[in-house]
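Colleague: I have a structure I would like to understand better, so I am pasting it below and will then ask my questions one at a time.
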Amino acid sequence: MGMEGIGARVARKEDKRFITGKGRYTDDMVVPGMKHAHFVRSPHAHAKIKSIDTSAAEKMPGVIGILNGNQLAEDAVGNLICGWMIHSKDGSPMNMGVWRPLAQETVRYVGDAVAIVVADTKAQARDAAEAVVVDYETLPVVTTAVEALKDGAPQLHPVAKNNLIYDWEIGDAAATDAAIASAAHVTEMKIINNRLVPNPMEPRAALGVYDAGDDHYTVWTTSQNPHVARLVMSAFYNVAPENKLRVIAPDVGGGFGSKIYIYPEEIVCLWASKRTGVPVKWNSDRTEAFLTDAHGRDHVSTIKMAFDANNKITGFKVDTIANLGAYMSLFSSSVPTYLYATLLSGQYDIPAIHANVRTVYTNTVPVDAYRGAGRPEATYLLERVMETAARELGVTPAELRQNNFIREFPHQTPVIMCYDAGDYDASLNAAMKASDYAGFPARKAEAKSRGKLRGIGMSCYIEACGIAPSAAVGSLGAGVGLWESAEVRVNAVGTIEVLTGSHSHGQGHETTFAQLVAERFGVGIDTVSIVHGDTDKVQMGMGTYGSRSGAVGMSAVVKALDKVELKAKKLAAHLMEADESDIVIENGELKVAGTDKSVPWFQMALAAYTAHNMPEGMEPGLKEGAFYDPSNFTFPAGCYICEVEVDPETGKTEVIQFVAADDFGKIINPMIVEGQVHGGLAQGIGQALLEGAHYDPETGQLLTASYMDYTMPRADDLPSFQVSTTETACPSNPLGIKGCGEAGAIGSPPALINAITDAIGNNDLTMPATPQRVWAALRSAQ
Amino acid sequence: MANVSMTVNGRAVSGQCEDRTLLVQFIRENLGLTGTHVGCDTSQCGACVVHVDGKAVKSCTMLAAQADGSEVVTIEGLSSGGELHPVQAAFREHHGLQCGFCTPGMIMSAVDMIQRHDGQLDEKTVRQELEGNICRCTGYHNIVKAVLDAASKMGEGAKVAAE
């Protein structure tokens, strides 16, 4: 490893602009003639639109135009789509209700957009929006999935009887039922996975610019995947043809899944720019973000895990009802199915698994992928039930897990996944050592002397990242391929540009992708620029989510680097009159091995562009592209151990220690990987202890729609973390990378809840474990 | 409309804005200094923290007109002569930022915190004092490290200067 190559703890190149206030986010963009938009949104969770009267608003100062769903329909702007087809177990396709970018006849959640007001200033647009009079006829409301499924519940979409989107299953029901019937012990639980609001710190924004001179469209947007946005906006929403549409996702202030989707606002801003003839910018305020950003999780599950007399798991049965909100968001259907139930084997050898999943419409904002996306839900079920079963069976949590670990690879689970590599004992042992698990009883006793209840909890997670062969996901219903692209351009002076379809919104690609080049060619990372986030620069890409940038995006870069290296060596061999196989690249030079002959990297590059002396048949220039399609998912795994103290008087929980031992395969920059784990842990601890989105069941109003009401984790809610890694290389990609972006959020909630339930002696506790809930659970256990 | 004059990052500026214009809007929209961010509308997140007359202030809680005649420093004015401020340098060294959106407010709060405590900070104090700044990316771990490191370096710098 060089100073800046693979494995080096390099400070980030991109930081300079962020720490000096020079970051450029969508809301920072200003173009000539730019005007401002405000959306008129439904104050009702379910209502018919009887009329929209804009006459007073149109006379307000600064107003340029007010547009609604009728004009959108005139221009044949398409419905929002869900890009992953799921079939119910009876073979019928999922029931996708109509979602218009601006609601025309019916609004289905508080915040559903009805009209857009464009005005000279933001304040004028907001004032005029308040003067738009929408006459609503309110309809009955349902906000929870369980209630929405019941006969007589309010119906959201004609296509979905009883609000059921699909009734899907995976695994072998008969074998699983038989395992439960003949088990020596069965642990049963009802588990709720709380509804969360992703809350990247940068609110969503869009700036749409129609250029009538060139009949060309540009949209700056807060997107994790600008190329997918371009594809969908042209192919499905009919806003602009793909060759005339440029999508730019500049600096993006966090995403966590919520910026994957193409939302109504960016579609409408771009369309409104053409309709009004002015560039249109919209920037969400925070309450608007709470109301309209896709939420995460919101599952209710009943589970049964069966054990034989030797404490071996014999079967696992899961029944889940998932709330998908008022409409099907872009990847919503895949989250509670293929991203969830395929991980229900965890780290364990389980012979029989069956999961049934029903997804349901409710009068709430759409629910889609949020950091972890399905895998936290699966892990939470497994790791809660493992810890609970260990308590019931009278064995330690570690023993029960170790008794069931998968130790031979590849391992085919009963739920599609084939795990390629892992060492679950290694991460368990590392975490137990780092947490001084053996010393816990003494710490518990000491805490008791201070009147505190101390508890310890464990979680052994597995996840699937780098999704996955395009043909495989296509066969499971995905509407897109999940490969990645890269192009490596060596300039005539030897500096290098790497164009990638991955998108960085905090992950540090400008540094880690450059480290790959530094490793390969021995050049400094300052001579390497990473280009991303602009469809005019990078031809095509699938963006960043599901911890895929390392495993998939970097693999594409590696393939392109292979081609550059091959050509560079050929050219250098020709220049030095040596054999190509003798050329090695080290420290920025191409050398003939075993001799003192060398050509500096920049000189070789210049020779490629002067083209005065090229090998026979070689084209001038040095630029290569590659597409990489993974051959399998990757399987990061690890063990988390959490220690808490509960105040029995108040029910307040303090996280005393949090230990993470992760296996991410090969690591490019340990500093950045640790940062990803820290952030994931904070979100997982937030879910377990603090966060929860709540709708009023009668009115469908979001009660937690600001930072005054929704508890974001703050610095003094969290401890410093102890993180470490073990390594088994991933065999399915050239770098051996597994991915690290979501692990923290996946593995931490059950570790924390297991610690609290250990402290209070009651396994029945629902997230978020607020003081009130913990106090009540403690009292009911006494 | 209000006529507003103030000194921002050492430069005298003036402008006309609606009475209801917030200081953060004046900074971002009138002055084009977009390093100061807006992450919420309830004065909770702290992405908009600037220094007004030497104190850290959430610039979304104050009207531009209220800052008339004040001395304002934003993230763009923190470093001087091409040298990063020690807190900026520490955030980079310790990977105290990811997406960068909360970072300007974090850094401005941290500078103020270190000055108020004369560089004498411990982890618990830093975590409590960061109550008004929300970060969704880092889990605060490396931010706390960066602030503590910067505090100790700024303390050393002060000692050297005094000697």
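In the structure tokens, chains take letters A, B, ... by order of appearance, with residues numbered from 1 within each chain and ligands from 1 in the order shown.
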Pull the strand (DSSP E) assignments for stretch 350-534 of chain A out of DSSP run on the backbone, and list those residues as a ChimeraX atom specification.
Modeller: /A:353-361,411-412,418-419,453-462,484-490,496-500,528-531
Colleague: Give the residues of chain B that lie within 6 Å of chain A; count only C-alpha atoms, and format the answer as a CSV table (one decimal) with N, CA and C atoms, in the first residue's frame.
Modeller:
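As a result, result18.csv now contains:
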chain,number,residue,atom,x,y,z
B,34,THR,N,-23.3,31.5,0.3
B,34,THR,CA,-24.1,30.3,0.5
B,34,THR,C,-23.5,29.2,1.4
B,35,GLY,N,-22.4,29.5,2.0
B,35,GLY,CA,-21.9,28.6,3.0
B,35,GLY,C,-22.7,28.4,4.2
B,39,GLY,N,-31.3,24.2,7.5
B,39,GLY,CA,-31.6,22.8,7.6
B,39,GLY,C,-33.0,22.6,8.2
B,40,CYS,N,-33.6,23.6,8.8
B,40,CYS,CA,-34.9,23.5,9.4
B,40,CYS,C,-35.6,24.8,9.5
B,41,ASP,N,-36.8,24.8,10.1
B,41,ASP,CA,-37.5,26.1,10.2
B,41,ASP,C,-37.9,26.3,11.6
B,75,ILE,N,-18.9,31.4,7.8
B,75,ILE,CA,-17.9,30.3,7.5
B,75,ILE,C,-16.9,30.8,6.5
B,76,GLU,N,-17.4,31.6,5.5
B,76,GLU,CA,-16.5,32.1,4.5
B,76,GLU,C,-15.4,33.0,5.0
B,88,GLN,N,-11.4,24.3,11.5
B,88,GLN,CA,-11.6,23.8,10.1
B,88,GLN,C,-10.6,22.6,9.9
B,98,GLN,N,-19.2,14.6,6.7
B,98,GLN,CA,-19.4,13.7,5.5
B,98,GLN,C,-20.1,14.4,4.4
B,99,CYS,N,-21.4,14.7,4.5
B,99,CYS,CA,-22.1,15.4,3.4
B,99,CYS,C,-21.7,16.9,3.4
B,100,GLY,N,-21.3,17.4,4.5
B,100,GLY,CA,-20.8,18.8,4.6
B,100,GLY,C,-21.9,19.8,4.9
B,101,PHE,N,-23.2,19.4,4.9
B,101,PHE,CA,-24.3,20.4,5.0
B,101,PHE,C,-24.3,21.0,6.4
B,127,ARG,N,-20.2,17.5,24.0
B,127,ARG,CA,-21.5,16.9,23.6
B,127,ARG,C,-22.7,17.7,24.0
B,128,GLN,N,-22.6,18.2,25.2
B,128,GLN,CA,-23.8,19.0,25.7
B,128,GLN,C,-23.9,20.3,24.9
B,131,GLU,N,-25.6,20.4,21.5
B,131,GLU,CA,-27.1,20.2,21.5
B,131,GLU,C,-27.8,20.9,20.4
B,137,CYS,N,-25.0,12.5,9.6
B,137,CYS,CA,-24.1,11.6,8.9
B,137,CYS,C,-23.0,11.0,9.9
B,138,THR,N,-22.5,11.8,10.8
B,138,THR,CA,-21.3,11.3,11.4
B,138,THR,C,-21.5,10.6,12.8
B,139,GLY,N,-22.7,10.7,13.3
B,139,GLY,CA,-22.9,10.1,14.6
B,139,GLY,C,-22.2,10.9,15.7
B,140,TYR,N,-21.7,12.1,15.3
B,140,TYR,CA,-21.0,13.1,16.2
B,140,TYR,C,-19.6,12.6,16.7
B,141,HIS,N,-19.3,11.3,16.5
B,141,HIS,CA,-18.1,10.8,17.1
B,141,HIS,C,-16.8,11.6,16.7
Colleague: As an exercise, work out the distance from atom CA of A:Glu619 to atom CA of A:Ala607 in Å and give it to one decimal place.
Modeller: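 One can read the atom CA of A:Glu619 to atom CA of A:Ala607 distance as 11.6 Å.
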Colleague: Near A:Ala294, within 7 Å and counting only C-alpha atoms, which residues show up once chain neighbours fewer than 5 positions away are dropped, as a PyMOL selection string?
Modeller: chain A and resi 258+365-368
Colleague: For each of A:Thr26, A:Thr176, A:Asn733, A:Ser748, take the minimum atom-to-atom distance to A:Gly466, counting only C-alpha atoms, then give the residue where this is smallest.
Modeller: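 So, comparing all the options, the nearest one is A:Asn733.
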Colleague: Using DSSP on the backbone coordinates, identify all residues within stretch 74-161 of chain B classified as alpha helix (DSSP H); present the result as a count of residues only.
Modeller: 50
